[in-house]
Structure formats: structure tokens, C-alpha cells
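J.: structure.cif (mmCIF, C-alpha atoms) pasted underneath:
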data_work
loop_
_atom_site.label_atom_id
_atom_site.label_comp_id
_atom_site.auth_asym_id
_atom_site.auth_seq_id
_atom_site.Cartn_x
_atom_site.Cartn_y
_atom_site.Cartn_z
CA MET L 1 77.93 79.25 84.22
CA GLU L 2 79.35 78.51 87.67
CA LYS L 3 81.63 75.77 86.37
CA ILE L 4 83.25 77.99 83.76
CA THR L 5 83.75 80.95 86.11
CA GLN L 6 85.28 78.59 88.69
CA PHE L 7 87.57 77.17 86.02
CA ILE L 8 88.66 80.63 84.82
CA GLY L 9 89.23 81.59 88.46
CA ASN L 10 91.60 78.65 88.89
CA ILE L 11 93.49 79.48 85.68
CA LEU L 12 93.94 83.07 86.91
CA GLN L 13 95.15 81.90 90.29
CA ILE L 14 97.77 79.59 88.76
CA SER L 15 98.98 82.28 86.32
CA LEU L 16 99.27 84.74 89.19
CA TRP L 17 101.54 82.42 91.18
CA ILE L 18 103.73 81.61 88.15
CA SER L 19 104.09 85.34 87.58
CA VAL L 20 104.97 85.99 91.24
CA LEU L 21 107.70 83.32 91.11
CA LEU L 22 109.17 84.82 87.92
CA LEU L 23 109.04 88.36 89.34
CA LEU L 24 110.59 87.24 92.61
CA GLY L 25 113.40 85.29 90.88
CA GLY L 26 114.08 88.02 88.34
CA GLY L 27 113.83 90.74 90.98
CA ILE L 28 116.32 89.09 93.33
CA ASP L 29 118.71 88.48 90.41
CA TYR L 30 118.38 92.14 89.37
CA LEU L 31 119.03 93.39 92.91
CA ILE L 32 122.08 91.10 93.35
CA HIS L 33 123.68 92.55 90.20
CA HIS L 34 122.38 96.13 90.30
CA GLY L 35 121.25 96.63 93.92
CA HIS L 36 123.92 99.22 94.62
CA ASP L 37 123.51 101.16 91.38
CA ASN L 38 121.92 104.56 91.65
CA VAL L 39 118.48 104.69 90.11
CA ASN L 40 116.85 107.52 88.22
CA TYR L 41 113.34 107.18 86.86
CA HIS L 42 112.88 110.92 86.56
CA VAL L 43 113.61 110.99 82.86
CA PHE L 44 111.84 108.65 80.51
CA ILE L 45 114.30 106.51 78.50
CA LYS L 46 113.12 103.70 76.29
CA PRO L 47 114.66 100.73 78.16
CA SER L 48 116.65 97.96 76.57
CA ALA L 49 115.75 94.36 77.33
CA GLY L 50 118.38 92.06 78.83
CA TYR L 51 119.10 91.68 82.52
CA THR L 52 115.43 92.05 83.42
CA GLY L 53 114.28 89.26 81.07
CA CYS L 54 112.84 87.11 83.87
CA ILE L 55 110.85 90.05 85.23
CA GLN L 56 109.57 90.81 81.72
CA LEU L 57 108.43 87.19 81.45
CA GLY L 58 106.56 87.53 84.76
CA LEU L 59 104.81 90.67 83.51
CA PHE L 60 103.89 88.97 80.23
CA THR L 61 102.44 86.04 82.18
CA LEU L 62 99.97 88.47 83.76
CA VAL L 63 98.84 89.65 80.33
CA LEU L 64 98.75 86.06 79.08
CA ALA L 65 96.38 85.24 81.95
CA GLN L 66 93.94 87.81 80.56
CA ILE L 67 94.17 86.24 77.11
CA LEU L 68 93.38 82.84 78.66
CA ARG L 69 90.46 84.41 80.53
CA VAL L 70 88.91 85.56 77.24
CA LEU L 71 89.88 82.38 75.39
CA PHE L 72 88.04 80.13 77.85
CA THR L 73 85.05 82.46 77.92
CA LEU L 74 84.97 82.23 74.10
CA TRP L 75 85.17 78.45 74.30
CA HIS L 76 82.34 78.46 76.88
CA PHE L 77 80.03 80.45 74.58
CA ILE L 78 80.96 78.28 71.58
CA THR L 79 79.95 75.14 73.48
CA LEU L 80 76.65 76.85 74.35
CA ARG L 81 76.23 77.66 70.62
CA ASP L 82 75.65 81.28 71.67
CA THR L 83 76.81 83.09 68.52
CA PRO L 84 76.44 86.75 69.63
CA PHE L 85 78.45 86.21 72.80
CA ALA L 86 81.03 84.04 71.05
CA LEU L 87 81.51 86.89 68.56
CA MET L 88 81.85 89.44 71.37
CA SER L 89 84.45 87.27 73.13
CA GLY L 90 86.26 86.78 69.82
CA TYR L 91 86.35 90.55 69.24
CA ILE L 92 87.84 91.16 72.71
CA LEU L 93 90.41 88.41 72.14
CA ILE L 94 91.46 89.83 68.77
CA LEU L 95 91.84 93.33 70.23
CA ILE L 96 94.08 92.13 73.10
CA ILE L 97 96.27 90.10 70.74
CA PHE L 98 96.35 92.95 68.21
CA SER L 99 97.60 95.37 70.90
CA LEU L 100 100.45 92.99 71.79
CA VAL L 101 101.86 92.64 68.27
CA MET U 1 119.14 106.41 96.04
CA THR U 2 120.33 102.86 95.32
CA ALA U 3 118.18 100.34 93.48
CA LEU U 4 117.91 98.12 96.58
CA ILE U 5 116.57 100.86 98.86
CA PHE U 6 114.19 102.12 96.21
CA ALA U 7 112.90 98.57 95.58
CA CYS U 8 112.16 98.22 99.33
CA ILE U 9 110.28 101.54 99.34
CA LEU U 10 108.31 100.52 96.24
CA PHE U 11 107.40 97.22 97.90
CA VAL U 12 105.88 99.15 100.83
CA VAL U 13 104.08 101.52 98.44
CA GLY U 14 102.65 98.51 96.61
CA TYR U 15 101.57 96.88 99.86
CA LEU U 16 99.77 100.00 101.08
CA ALA U 17 98.17 100.57 97.66
CA GLY U 18 96.85 97.00 97.64
CA LEU U 19 95.64 97.25 101.25
CA LEU U 20 93.82 100.57 100.79
CA GLY U 21 92.56 99.59 97.35
CA ALA U 22 90.95 96.43 98.70
CA LEU U 23 89.55 98.13 101.82
CA THR U 24 87.94 101.04 99.99
CA GLY U 25 87.02 99.25 96.78
CA LEU U 26 88.86 101.87 94.73
CA GLY U 27 91.53 99.46 93.48
CA GLY U 28 95.26 99.84 93.98
CA GLY U 29 96.04 101.62 90.73
CA PHE U 30 94.62 104.93 91.86
CA ILE U 31 97.25 105.84 94.38
CA ILE U 32 100.37 104.46 92.66
CA THR U 33 100.77 107.01 89.87
CA PRO U 34 100.34 110.17 92.00
CA VAL U 35 102.58 108.77 94.77
CA LEU U 36 105.36 107.83 92.33
CA VAL U 37 105.11 111.09 90.41
CA LEU U 38 104.67 113.51 93.32
CA LEU U 39 106.76 111.89 96.06
CA PHE U 40 109.49 110.11 94.10
CA LYS U 41 109.67 112.30 90.97
CA VAL U 42 109.19 109.29 88.68
CA ASP U 43 108.35 110.11 85.06
CA ILE U 44 104.55 109.95 84.66
CA HIS U 45 104.76 107.39 81.82
CA TYR U 46 106.75 104.93 83.97
CA ALA U 47 104.33 105.53 86.83
CA MET U 48 101.31 104.84 84.61
CA GLY U 49 102.97 101.67 83.31
CA ALA U 50 103.58 100.36 86.83
CA SER U 51 100.04 101.31 87.83
CA LEU U 52 98.54 99.50 84.83
CA ILE U 53 100.35 96.28 85.76
CA ALA U 54 99.16 96.74 89.36
CA VAL U 55 95.59 97.01 88.03
CA ILE U 56 95.94 93.70 86.16
CA VAL U 57 97.29 92.02 89.31
CA THR U 58 94.44 93.33 91.46
CA SER U 59 91.86 92.14 88.95
CA THR U 60 93.53 88.74 88.61
CA SER U 61 93.86 88.05 92.33
CA GLY U 62 90.40 89.42 93.12
CA SER U 63 88.68 87.45 90.37
CA ALA U 64 90.15 84.19 91.55
CA ALA U 65 88.53 84.63 94.96
CA TYR U 66 85.07 86.03 94.20
CA LEU U 67 84.42 85.00 90.63
CA LYS U 68 82.02 82.16 91.10
CA ASP U 69 79.45 83.82 93.34
CA PHE U 70 78.42 87.12 91.80
CA VAL U 71 80.01 87.82 88.40
CA ASN U 72 77.55 88.11 85.52
CA LEU U 73 79.66 86.76 82.67
CA ARG U 74 77.23 87.88 79.94
CA ILE U 75 77.02 91.47 81.17
CA GLY U 76 80.79 91.52 81.71
CA MET U 77 81.63 90.39 78.17
CA PHE U 78 78.96 92.57 76.56
CA LEU U 79 80.20 95.74 78.29
CA GLU U 80 83.83 94.71 77.80
CA THR U 81 83.47 95.07 74.01
CA ALA U 82 83.07 98.82 74.62
CA ALA U 83 85.77 98.97 77.29
CA VAL U 84 88.49 97.27 75.20
CA THR U 85 87.72 99.50 72.21
CA GLY U 86 88.00 102.56 74.43
CA ALA U 87 91.19 101.27 76.04
CA LEU U 88 92.85 100.79 72.66
CA ILE U 89 91.99 104.38 71.69
CA GLY U 90 93.12 105.72 75.08
CA ALA U 91 96.44 103.85 75.05
CA LEU U 92 97.20 105.02 71.50
CA LEU U 93 96.46 108.61 72.58
CA VAL U 94 99.05 108.57 75.41
CA ALA U 95 101.98 109.12 73.03
CA LYS U 96 100.12 111.97 71.29
CA ILE U 97 98.98 113.98 74.32
CA PRO U 98 101.46 116.30 76.13
CA THR U 99 102.55 115.11 79.59
CA HIS U 100 101.17 118.11 81.49
CA LEU U 101 97.73 117.58 79.95
CA ILE U 102 97.76 113.91 81.02
CA ALA U 103 98.56 115.07 84.58
CA ILE U 104 95.62 117.49 84.53
CA ILE U 105 93.18 114.87 83.18
CA PHE U 106 94.50 112.41 85.76
CA GLY U 107 93.90 114.91 88.56
CA VAL U 108 90.35 115.65 87.43
CA VAL U 109 89.50 111.92 87.15
CA LEU U 110 90.93 111.38 90.66
CA LEU U 111 88.81 114.21 92.08
CA VAL U 112 85.61 112.90 90.48
CA SER U 113 86.36 109.35 91.67
CA ALA U 114 87.00 110.58 95.22
CA TYR U 115 83.66 112.39 95.16
CA LEU U 116 81.78 109.39 93.75
CA THR U 117 83.24 107.20 96.49
CA VAL U 118 82.08 109.29 99.43
CA ARG U 119 78.75 110.64 98.20
CA HIS U 120 75.62 109.23 99.71
CA LYS U 121 74.13 106.55 97.50
CA GLU U 122 70.40 106.06 97.47
CA ASP U 123 69.08 102.56 97.15
CA LEU U 124 67.46 102.24 93.77
CA GLU U 125 63.91 100.97 93.57
CA PRO U 126 63.83 97.60 91.79
CA ILE U 127 62.15 97.89 88.38
CA PRO U 128 60.01 94.87 87.42
CA THR U 129 60.76 95.06 83.66
CA SER U 130 64.03 94.82 81.73
CA HIS U 131 65.45 96.92 78.90
CA PRO U 132 64.64 95.30 75.50
CA TRP U 133 68.36 94.73 74.79
CA ALA U 134 68.71 92.99 78.15
CA ILE U 135 65.93 90.58 77.19
CA GLU U 136 67.41 90.03 73.72
CA LEU U 137 70.92 89.35 75.11
CA GLN U 138 69.65 87.49 78.23
CA LEU U 139 71.53 89.79 80.60
CA ASP U 140 69.20 89.43 83.61
CA GLY U 141 70.43 87.18 86.37
CA ASN U 142 70.13 86.03 89.97
CA TYR U 143 72.34 86.71 92.93
CA LEU U 144 72.74 85.42 96.43
CA SER U 145 71.53 88.07 98.89
CA GLY U 146 70.95 87.98 102.64
CA GLN U 147 67.41 86.72 101.97
CA GLY U 148 68.35 83.92 99.56
CA ILE U 149 68.57 83.98 95.78
CA LYS U 150 67.08 87.12 94.23
CA PRO U 151 66.59 88.00 90.54
CA TYR U 152 67.61 91.36 89.07
CA ARG U 153 66.42 93.19 85.95
CA VAL U 154 68.86 95.13 83.78
CA GLN U 155 68.11 98.75 82.68
CA HIS U 156 69.52 101.39 80.26
CA VAL U 157 71.81 98.99 78.38
CA PRO U 158 72.99 101.37 75.57
CA LEU U 159 73.87 104.15 78.04
CA ALA U 160 75.86 101.79 80.26
CA TRP U 161 77.69 100.47 77.18
CA SER U 162 78.66 104.03 76.19
CA VAL U 163 79.85 104.90 79.71
CA MET U 164 81.93 101.72 79.62
CA GLY U 165 83.57 102.95 76.42
CA CYS U 166 84.56 106.18 78.23
CA ALA U 167 85.86 104.14 81.17
CA GLY U 168 87.99 102.21 78.68
CA VAL U 169 89.45 105.39 77.16
CA LEU U 170 90.39 106.70 80.60
CA SER U 171 91.87 103.33 81.56
CA GLY U 172 94.11 103.31 78.50
CA LEU U 173 95.00 106.99 78.71
CA LEU U 174 95.87 107.04 82.41
CA GLY U 175 96.92 103.48 83.24
CA ILE U 176 94.09 103.00 85.74
CA GLY U 177 91.35 100.39 86.06
CA SER U 178 88.47 102.91 85.94
CA GLY U 179 86.73 100.70 88.51
CA VAL U 180 84.72 103.55 90.03
CA LEU U 181 83.19 104.47 86.66
CA LYS U 182 82.60 100.82 85.73
CA VAL U 183 80.81 100.10 89.00
CA MET U 184 78.75 103.28 88.60
CA ALA U 185 77.68 102.24 85.09
CA MET U 186 76.47 98.91 86.44
CA ASP U 187 74.86 99.74 89.79
CA GLN U 188 73.53 103.25 89.04
CA ILE U 189 72.70 102.99 85.32
CA MET U 190 71.93 99.29 84.82
CA HIS U 191 70.45 98.89 88.35
CA LEU U 192 72.54 95.82 89.16
CA PRO U 193 73.04 94.80 92.80
CA TYR U 194 76.20 96.41 94.21
CA LYS U 195 78.00 93.10 94.81
CA VAL U 196 77.31 91.99 91.21
CA SER U 197 78.58 95.37 89.95
CA THR U 198 81.84 95.33 91.89
CA THR U 199 82.75 91.73 91.10
CA THR U 200 81.79 92.01 87.41
CA SER U 201 83.79 95.27 87.21
CA ASN U 202 86.80 93.54 88.75
CA PHE U 203 86.40 90.67 86.29
CA MET U 204 86.44 93.16 83.38
CA ILE U 205 89.30 95.39 84.55
CA GLY U 206 92.05 92.85 83.78
CA MET U 207 90.93 92.45 80.17
CA THR U 208 90.62 96.22 79.63
CA ALA U 209 94.08 96.77 81.09
CA ALA U 210 95.57 93.95 78.99
CA VAL U 211 94.72 95.86 75.80
CA SER U 212 96.51 98.97 77.09
CA ALA U 213 99.40 96.86 78.42
CA GLY U 214 100.32 95.68 74.91
CA ILE U 215 100.67 99.27 73.73
CA TYR U 216 102.42 100.39 76.95
CA PHE U 217 104.96 97.57 76.52
CA ALA U 218 105.63 98.63 72.93
CA HIS U 219 106.22 102.25 73.99
CA GLY U 220 108.50 101.16 76.87
CA TYR U 221 106.23 102.65 79.57
CA ILE U 222 106.36 99.45 81.61
CA ASN U 223 109.73 99.47 83.34
CA PRO U 224 110.51 96.00 84.75
CA SER U 225 112.81 97.10 87.60
CA LEU U 226 110.30 99.72 88.74
CA SER U 227 107.25 97.45 88.41
CA PHE U 228 108.33 94.22 90.13
CA PRO U 229 108.62 95.47 93.76
CA ILE U 230 105.22 97.19 93.46
CA ILE U 231 103.56 94.02 92.17
CA LEU U 232 105.19 91.86 94.83
CA GLY U 233 103.92 94.31 97.45
CA ILE U 234 100.42 94.70 96.12
CA ILE U 235 99.51 91.00 96.32
CA PRO U 236 99.98 90.60 100.11
CA GLY U 237 98.41 94.08 100.44
CA VAL U 238 95.21 92.97 98.70
CA MET U 239 95.17 89.75 100.77
CA THR U 240 95.47 91.64 104.07
CA GLY U 241 92.86 94.15 102.90
CA SER U 242 90.35 91.45 101.98
CA LYS U 243 90.81 89.77 105.39
CA ILE U 244 90.29 93.01 107.34
CA LEU U 245 87.36 93.99 105.10
CA VAL U 246 85.18 91.27 106.55
CA LYS U 247 85.43 92.76 110.05
CA ALA U 248 85.99 96.48 109.57
CA SER U 249 83.56 99.29 108.83
CA THR U 250 84.87 100.98 105.72
CA ARG U 251 82.84 104.20 105.77
CA PHE U 252 85.45 106.19 107.74
CA LEU U 253 88.28 104.69 105.70
CA ARG U 254 86.59 105.60 102.42
CA ILE U 255 86.28 109.22 103.50
CA LEU U 256 89.89 109.36 104.70
CA PHE U 257 91.23 107.73 101.56
CA SER U 258 89.12 109.98 99.35
CA CYS U 259 90.54 113.06 101.12
CA VAL U 260 94.09 111.81 100.50
CA ILE U 261 93.22 111.18 96.85
CA ALA U 262 91.66 114.64 96.53
CA ILE U 263 94.85 116.27 97.88
CA LEU U 264 97.01 114.25 95.46
CA ALA U 265 94.60 115.13 92.63
CA CYS U 266 94.94 118.86 93.31
CA GLN U 267 98.73 118.56 93.32
CA MET U 268 98.66 116.67 90.02
CA ILE U 269 96.46 119.38 88.46
CA TYR U 270 98.70 122.14 89.88
CA LYS U 271 101.89 120.51 88.56
CA GLY U 272 100.24 119.95 85.20
CA VAL U 273 99.09 123.56 84.96
CA VAL U 274 102.46 125.08 85.88
CA GLY U 275 104.18 122.51 83.64
CA GLU U 276 106.44 121.03 86.34
CA LEU U 277 106.16 117.45 85.10
#
Let's see the structure in the file written out as C-alpha cells.
T.:
Amino acid sequence: MEKITQFIGNILQISLWISVLLLLGGGIDYLIHHGHDNVNYHVFIKPSAGYTGCIQLGLFTLVLAQILRVLFTLWHFITLRDTPFALMSGYILILIIFSLV
Amino acid sequence: MTALIFACILFVVGYLAGLLGALTGLGGGFIITPVLVLLFKVDIHYAMGASLIAVIVTSTSGSAAYLKDFVNLRIGMFLETAAVTGALIGALLVAKIPTHLIAIIFGVVLLVSAYLTVRHKEDLEPIPTSHPWAIELQLDGNYLSGQGIKPYRVQHVPLAWSVMGCAGVLSGLLGIGSGVLKVMAMDQIMHLPYKVSTTTSNFMIGMTAAVSAGIYFAHGYINPSLSFPIILGIIPGVMTGSKILVKASTRFLRILFSCVIAILACQMIYKGVVGEL
């Protein structure tokens, strides 16, 4: 149990730093090009992708980290041949992936 | 206001949210939505999107640090099946429910959470037997306490599972982590040690929020230029908070923070009722 939680912890830590780098890079790029634009978030407009692609990637990395968290937990329960918990992990995994597509 | 100035302000908001969230155990998501909506007139859907991402970040950075010592992986995954189902329902409901009603529900949830945080908690008597489901699913575990390794027995499994489903719905509907409700389900209903409850809750929150995040992305609630400064602020905020936490007494801070949350909650309810959002 401790080994797998330690391993998942490391995966999460790495994903977090990759995401921070992407957000930082994308954020600086965005501010260089649009830093002096006036902003208005008062009205909800469905945004178009484009200039914030790098930031989007950083945000997706955070969600991807959660998928990896479940994936490795699933793998852990499969190696233990623990069917009920492997099924539970599989259900959670399917729901997260389903919500993304 | 220009994008640069607003990004700097959002960075500070994120930092403070992370700091207070870590110090009080309430999580950073709680304060972000009301602050953005009430102080900066941000649309509530954008605010909830930013908050949801903040919740994932808090769970991810917290889990990395504390995961190995206290988290009960079996309990976490078992309860998470209810939480993700609820989150999916909640996130799908966001587009269907009028904005002012979301603000009112948000306000009420904030008020209840503030109350739960400050009320006096009685130490529960340890029960020597476990719930039959807990035995069947091998949910009981051990944890490292001040007096060495101690076992704990898990109670009221079906009730806790149901409460977790409700926590999931609220998480999806409001873009929060529902940490207060999750911890309550584990330490008050299942009789888990507090440390096990908080760390297992934190472990679960990221997965619950990931389900909602997919749907929030699809609806365009997660605005990249609004979210990134908050996230970049929240990470050092959580780090500072966790460092101070070791030394500081948090009782006073919890009360203060809960009062602030209660005031924000009342304003959210008021704005929802008069339809100003």
C-alpha cells in the first residue's frame, strides 16, 4: 500500500510542475501580447481557443494527473487480484474519461 | 482594468486563498468564487471554473506531500465511486439551473461549511466492532498516532457513501471541493481518525473535480486567462500555509476565516435573491 501511494504521490508532483511551467510560459506569452488590453469577465462568452493554447495545455495536464492517479490505483488493485476494488477504480476512470469527451 | 493589472490581482487572490485554505483546512476553492463574483464582478460560471481548477491544484499538491502516511486508499476509492457519480450529475445540472439559484445554493453551502468548521467537535468513543460492509471490503486500517500505530474500525458505511454522493453533486454544481462535507462523512459518520479523514478527503477531491472539469471545459466555464494567475498564486500560498501550520494555533484563524466566509455567503444569497448576478 505504501509503495503505491508514494508512487502516485510522485506522479502527481511531476504533473504539477509540468503544469506550472506550461501555465507560466503561456501566461507570460499572453500578458506580453494582451497585457494592455482591457479585460471584462462580467459577461459570460464562450471563449475561442488560440492564443491561450499553452495555458489550456497546462490546465489539461492537471486533469490528466487525476486520470493517472486513478489508472495507477486500478493497476495496483489488478496486481493484488482484488476484483471489487479494480472494478470501482475502473468505474471512476471511465467516468472521468467520459466527462472529457 | 488592463489584463496585466488584473492578472497581478488574481495572483494575490490565489496566494491568499491557498494560504488560508491550507491554514484552516477548508481548501482554497471556497473563497475564490465569492471573491471573484462579489469584488470583481466576474460572471459566476467563470468564477466557478477557476475555483474548480484551484481545487484540483490544492488536491494535487497536498496529496504529493501527505499521501503516504495517512490516506486509506480502499476507503478513498470506495467512497469516490459515489462522489464521481454525484459530480457528473452536479456538473450537468449547472447549465440547467438559473444563475441566481446557483448563487443562493452556493451561499447556503458556504454558511453551513463555516458553521461546521467552528463548531465544537466531541471526540468520538472508539467502537470495537466494524460495520459488516467494512469487514467485507476490508476498509479498516491502522494509522500513526502520537502513541504509535493504532487500528481504527469503520462504521456506518452506506450512510457515508450516500453523503459522499451529495458532496459530489455540490462539488460539480458549485465548482468546489466539498472537503468539509467529505471530512465530516469520514470522521463523524465512519469514525475515522481526523488525520486519516482529511488526507483521504484531499486524495479524493482531485478525482471528483476532474469529472466536473471535463464538463466545465466543454461548456467554456474554465477561462484560461482568468485561471492561470490564480493557479500560479495558489501553489506558493498552499506551501506557505503548510509551513506555518506546523507552528501556529489555527483555532482563532478558523473562527476568523469562517466569519469572513459567512459574510460572503450572506452577500451571495442576497445577490441571488434580488437577482443581481
J.: Distance table requested - chain L against chain U, cut-off 7 Å, all atoms listed in the file: one row per qualifying residue with the closest atom pair and its distance in Å to one decimal, ordered by chain and rising residue number, as JSON lines.
T.:
{"residue": "L:Glu2", "atom": "CA", "partner": "U:Lys68", "partner_atom": "CA", "distance": 5.7}
{"residue": "L:Thr5", "atom": "CA", "partner": "U:Lys68", "partner_atom": "CA", "distance": 5.4}
{"residue": "L:Gln6", "atom": "CA", "partner": "U:Lys68", "partner_atom": "CA", "distance": 5.4}
{"residue": "L:Gly9", "atom": "CA", "partner": "U:Ala64", "partner_atom": "CA", "distance": 4.1}
{"residue": "L:Asn10", "atom": "CA", "partner": "U:Ala64", "partner_atom": "CA", "distance": 6.3}
{"residue": "L:Leu12", "atom": "CA", "partner": "U:Thr60", "partner_atom": "CA", "distance": 5.9}
{"residue": "L:Gln13", "atom": "CA", "partner": "U:Ala64", "partner_atom": "CA", "distance": 5.6}
{"residue": "L:Val20", "atom": "CA", "partner": "U:Leu232", "partner_atom": "CA", "distance": 6.9}
{"residue": "L:Leu23", "atom": "CA", "partner": "U:Phe228", "partner_atom": "CA", "distance": 6.0}
{"residue": "L:Gly27", "atom": "CA", "partner": "U:Phe228", "partner_atom": "CA", "distance": 6.6}
{"residue": "L:Leu31", "atom": "CA", "partner": "U:Leu4", "partner_atom": "CA", "distance": 6.1}
{"residue": "L:His34", "atom": "CA", "partner": "U:Ala3", "partner_atom": "CA", "distance": 6.7}
{"residue": "L:Gly35", "atom": "CA", "partner": "U:Leu4", "partner_atom": "CA", "distance": 4.5}
{"residue": "L:His36", "atom": "CA", "partner": "U:Thr2", "partner_atom": "CA", "distance": 5.2}
{"residue": "L:Asp37", "atom": "CA", "partner": "U:Thr2", "partner_atom": "CA", "distance": 5.3}
{"residue": "L:Asn38", "atom": "CA", "partner": "U:Thr2", "partner_atom": "CA", "distance": 4.3}
{"residue": "L:Val39", "atom": "CA", "partner": "U:Ala3", "partner_atom": "CA", "distance": 5.5}
{"residue": "L:Tyr41", "atom": "CA", "partner": "U:Val42", "partner_atom": "CA", "distance": 5.0}
{"residue": "L:His42", "atom": "CA", "partner": "U:Val42", "partner_atom": "CA", "distance": 4.6}
{"residue": "L:Val43", "atom": "CA", "partner": "U:Asp43", "partner_atom": "CA", "distance": 5.8}
{"residue": "L:Phe44", "atom": "CA", "partner": "U:Asp43", "partner_atom": "CA", "distance": 5.9}
{"residue": "L:Lys46", "atom": "CA", "partner": "U:Gly220", "partner_atom": "CA", "distance": 5.3}
{"residue": "L:Pro47", "atom": "CA", "partner": "U:Gly220", "partner_atom": "CA", "distance": 6.3}
{"residue": "L:Thr52", "atom": "CA", "partner": "U:Pro224", "partner_atom": "CA", "distance": 6.4}
{"residue": "L:Ile55", "atom": "CA", "partner": "U:Pro224", "partner_atom": "CA", "distance": 6.0}
{"residue": "L:Gln56", "atom": "CA", "partner": "U:Pro224", "partner_atom": "CA", "distance": 6.1}
{"residue": "L:Val63", "atom": "CA", "partner": "U:Ala210", "partner_atom": "CA", "distance": 5.6}
{"residue": "L:Gln66", "atom": "CA", "partner": "U:Met207", "partner_atom": "CA", "distance": 5.5}
{"residue": "L:Met88", "atom": "CA", "partner": "U:Thr81", "partner_atom": "CA", "distance": 6.4}
{"residue": "L:Ser89", "atom": "CA", "partner": "U:Met77", "partner_atom": "CA", "distance": 6.6}
{"residue": "L:Ile92", "atom": "CA", "partner": "U:Thr81", "partner_atom": "CA", "distance": 6.0}
{"residue": "L:Leu95", "atom": "CA", "partner": "U:Val211", "partner_atom": "CA", "distance": 6.8}
{"residue": "L:Ile96", "atom": "CA", "partner": "U:Val211", "partner_atom": "CA", "distance": 4.6}
{"residue": "L:Ser99", "atom": "CA", "partner": "U:Gly214", "partner_atom": "CA", "distance": 4.9}
{"residue": "L:Leu100", "atom": "CA", "partner": "U:Gly214", "partner_atom": "CA", "distance": 4.1}
J.: How many Å lie between atom CA of U:Pro98 and atom CA of U:Gly165, rounded to one decimal?
T.: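 One can read the atom CA of U:Pro98 to atom CA of U:Gly165 distance as 22.3 Å.
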J.: Please indicate the distance in Å from atom CA of L:Thr61 to atom CA of L:Ile11, rounded to one decimal place.
T.: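 Computing it gives 11.6 Å between the two atoms.
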J.: Out of L:Ala86, L:Leu24, L:Trp17, L:Ile97, which residue has the shortest atom-to-atom distance to L:Leu68 when counting all atoms listed in the file?
T.: L:Ile97
J.: Find the residues around stretch 259-268 of chain U up to 7 Å (only C-alpha atoms counted), leave out those fewer than 4 positions away in its own chain, and share them as a PyMOL selection string.
T.: chain U and resi 34+103-104+107-108+110-111+114+255+272
J.: For a test of reading the model, state the distance in Å between atom CA of U:Gly175 and atom CA of U:Met48, rounded to one decimal.
T.: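 According to the coordinates, atom CA of U:Gly175 and atom CA of U:Met48 are separated by 4.8 Å.
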J.: Have a look at L:Gly53, L:Ile28, L:Ile18, L:Leu80 and name the one nearest to U:Cys8; count all atoms listed in the file.
T.: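 Distance minimum relative to U:Cys8 lands on L:Ile28.
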J.: Hey, which of U:Gln188, U:Thr58, U:Ser201, U:Gln155 ends up closest to U:Ile127? Count all atoms listed in the file.
T.: U:Gln155
J.: List as a short mmCIF file (atom, residue, chain, number, x, y, z; two decimals) with C-alpha atoms, in the coordinates of the input the protein and nucleic acid residues near L:Ser19, meaning an atom at most 8 Å away when all atoms listed in the file are counted, but skip any in the same chain fewer than 4 places from it.
T.:
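To be explicit, this is the file written out as selection-v6.cif:
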data_model
loop_
_atom_site.label_atom_id
_atom_site.label_comp_id
_atom_site.auth_asym_id
_atom_site.auth_seq_id
_atom_site.Cartn_x
_atom_site.Cartn_y
_atom_site.Cartn_z
CA SER L 15 98.98 82.28 86.32
CA LEU L 23 109.04 88.36 89.34
CA LEU L 57 108.43 87.19 81.45
CA GLY L 58 106.56 87.53 84.76
CA LEU L 59 104.81 90.67 83.51
CA THR L 61 102.44 86.04 82.18
CA LEU L 62 99.97 88.47 83.76
#
J.: Selection in question (the file shown): the PyMOL selection byres ((chain U and resi 159) around 12). Which residues does it include, as a PDB file with C-alpha atoms, in the frame of the given file?
T.:
ATOM      1  CA  LEU U  79      80.200  95.740  78.290  1.00  0.00           C
ATOM      2  CA  ALA U  82      83.070  98.820  74.620  1.00  0.00           C
ATOM      3  CA  HIS U 131      65.450  96.920  78.900  1.00  0.00           C
ATOM      4  CA  TRP U 133      68.360  94.730  74.790  1.00  0.00           C
ATOM      5  CA  VAL U 154      68.860  95.130  83.780  1.00  0.00           C
ATOM      6  CA  GLN U 155      68.110  98.750  82.680  1.00  0.00           C
ATOM      7  CA  HIS U 156      69.520 101.390  80.260  1.00  0.00           C
ATOM      8  CA  VAL U 157      71.810  98.990  78.380  1.00  0.00           C
ATOM      9  CA  PRO U 158      72.990 101.370  75.570  1.00  0.00           C
ATOM     10  CA  ALA U 160      75.860 101.790  80.260  1.00  0.00           C
ATOM     11  CA  TRP U 161      77.690 100.470  77.180  1.00  0.00           C
ATOM     12  CA  SER U 162      78.660 104.030  76.190  1.00  0.00           C
ATOM     13  CA  VAL U 163      79.850 104.900  79.710  1.00  0.00           C
ATOM     14  CA  MET U 164      81.930 101.720  79.620  1.00  0.00           C
ATOM     15  CA  GLY U 165      83.570 102.950  76.420  1.00  0.00           C
ATOM     16  CA  CYS U 166      84.560 106.180  78.230  1.00  0.00           C
ATOM     17  CA  MET U 184      78.750 103.280  88.600  1.00  0.00           C
ATOM     18  CA  ALA U 185      77.680 102.240  85.090  1.00  0.00           C
ATOM     19  CA  MET U 186      76.470  98.910  86.440  1.00  0.00           C
ATOM     20  CA  GLN U 188      73.530 103.250  89.040  1.00  0.00           C
ATOM     21  CA  ILE U 189      72.700 102.990  85.320  1.00  0.00           C
ATOM     22  CA  MET U 190      71.930  99.290  84.820  1.00  0.00           C
TER      23      MET U 190
END
J.: Written as an MDAnalysis selection string, which residues does the PyMOL selection byres ((chain U and resi 16) around 10) give for the file shown?
T.: chainID U and resid 10:15 17:22 28 31:32 230 233:234 236:238 240:241
